[in-house]
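Working notes for the structure below.
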Amino acid sequence: MANENLKFKKYLKRIGKILLGLILLFFVLVLLVRTPWAQNAIVSKVTNYISSKTHTKVEVGKLYITFSGDIQIEGVYLEDV
């Protein structure tokens, strides 16, 4: 009985460490996305993707992503062909 209890505690401890690691990874990703460098990289990838699919020049002046998930975009330019 004591051996089973010890295995159960080890199992719970491993699950706790995995959950803590996933939570920390999530917070690091959220903080990374909020940096200007990461937001500029996201804007660059998205504008290049849209430009290649629509064969239209696309530019975004500024993008800001908030913690609540709101997106503020300034200076959007879509060239009509």
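Order determines the names: the first chain of the structure tokens is A, the second B, and so forth; residues in each chain are numbered 1 upward, and ligands are numbered 1 upward as they are shown.
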Inset, instruction - Determine which residues of chain A receive a DSSP assignment of strand (DSSP E), computed from the backbone, and state them as a list in words. - result: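 In chain A, DSSP puts these residues in strand (DSSP E): Val58, Glu59, Val60, Gly61, Lys62, Leu63, Tyr64, Ile65, Ile71, Gln72, Ile73, Glu74, Gly75, Val76, Tyr77 and Leu78 of chain A.
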Legend entry - Selected residue of minimal separation from Ile42 (chain A) among A:Ile15, A:Ala2, A:Leu78, A:Leu63, counting only C-alpha atoms: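 Using only C-alpha atoms, the shortest distance to Ile42 (chain A) belongs to A:Leu63.
Within 12 Å of Lys62 (chain A), once only C-alpha atoms are used and residues closer than 4 positions along the same chain are dropped, the contacting residues are Pro36, Trp37, Gln39, Asn40, Ala41, Ile42, Val43, Ser44, Ile71, Gln72, Ile73, Glu74, Gly75, Val76 and Tyr77 of chain A.
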Legend entry - Pick from A:Val30, A:Ile18, A:Leu12, A:Leu25 nearest to Thr66 (chain A), counting only C-alpha atoms: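 Going through A:Val30, A:Ile18, A:Leu12, A:Leu25 one by one, the smallest distance to Thr66 (chain A) is for A:Val30.
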Legend entry - Members of chain A assigned alpha helix (DSSP H) by DSSP, as number ranges by chain: A: 2-33, 36-54
Inset, instruction - Excluding Glu79 (chain A) and any residue of its chain fewer than 5 positions from it, enumerate the residues within 10 Å of it, using only C-alpha atoms, and give them as a PyMOL selection string. - result: chain A and resi 51+55-59
Inset, instruction - Using only C-alpha atoms, find the one residue out of A:Leu32, A:Val46, A:Thr54, A:Lys17 that sits nearest to Phe67 (chain A). - result: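 Going through A:Leu32, A:Val46, A:Thr54, A:Lys17 one by one, the smallest distance to Phe67 (chain A) is for A:Leu32.
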Inset, instruction - Could you check how far CA of Thr47 (chain A) sits from CA of Val60 (chain A), in Å to one decimal? - result: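 Separation between CA of Thr47 (chain A) and CA of Val60 (chain A): 7.5 Å.
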Legend entry - Straight-line distance linking CA of Leu29 (chain A) with CA of Ser68 (chain A), stated in Å to one decimal: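 Value for the CA of Leu29 (chain A)-CA of Ser68 (chain A) distance: 14.2 Å.
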Legend entry - Closest of A:Arg14, A:Tyr49, A:Lys7, A:Tyr64 to Thr35 (chain A) - atom-to-atom distances counting only C-alpha atoms: A:Tyr64
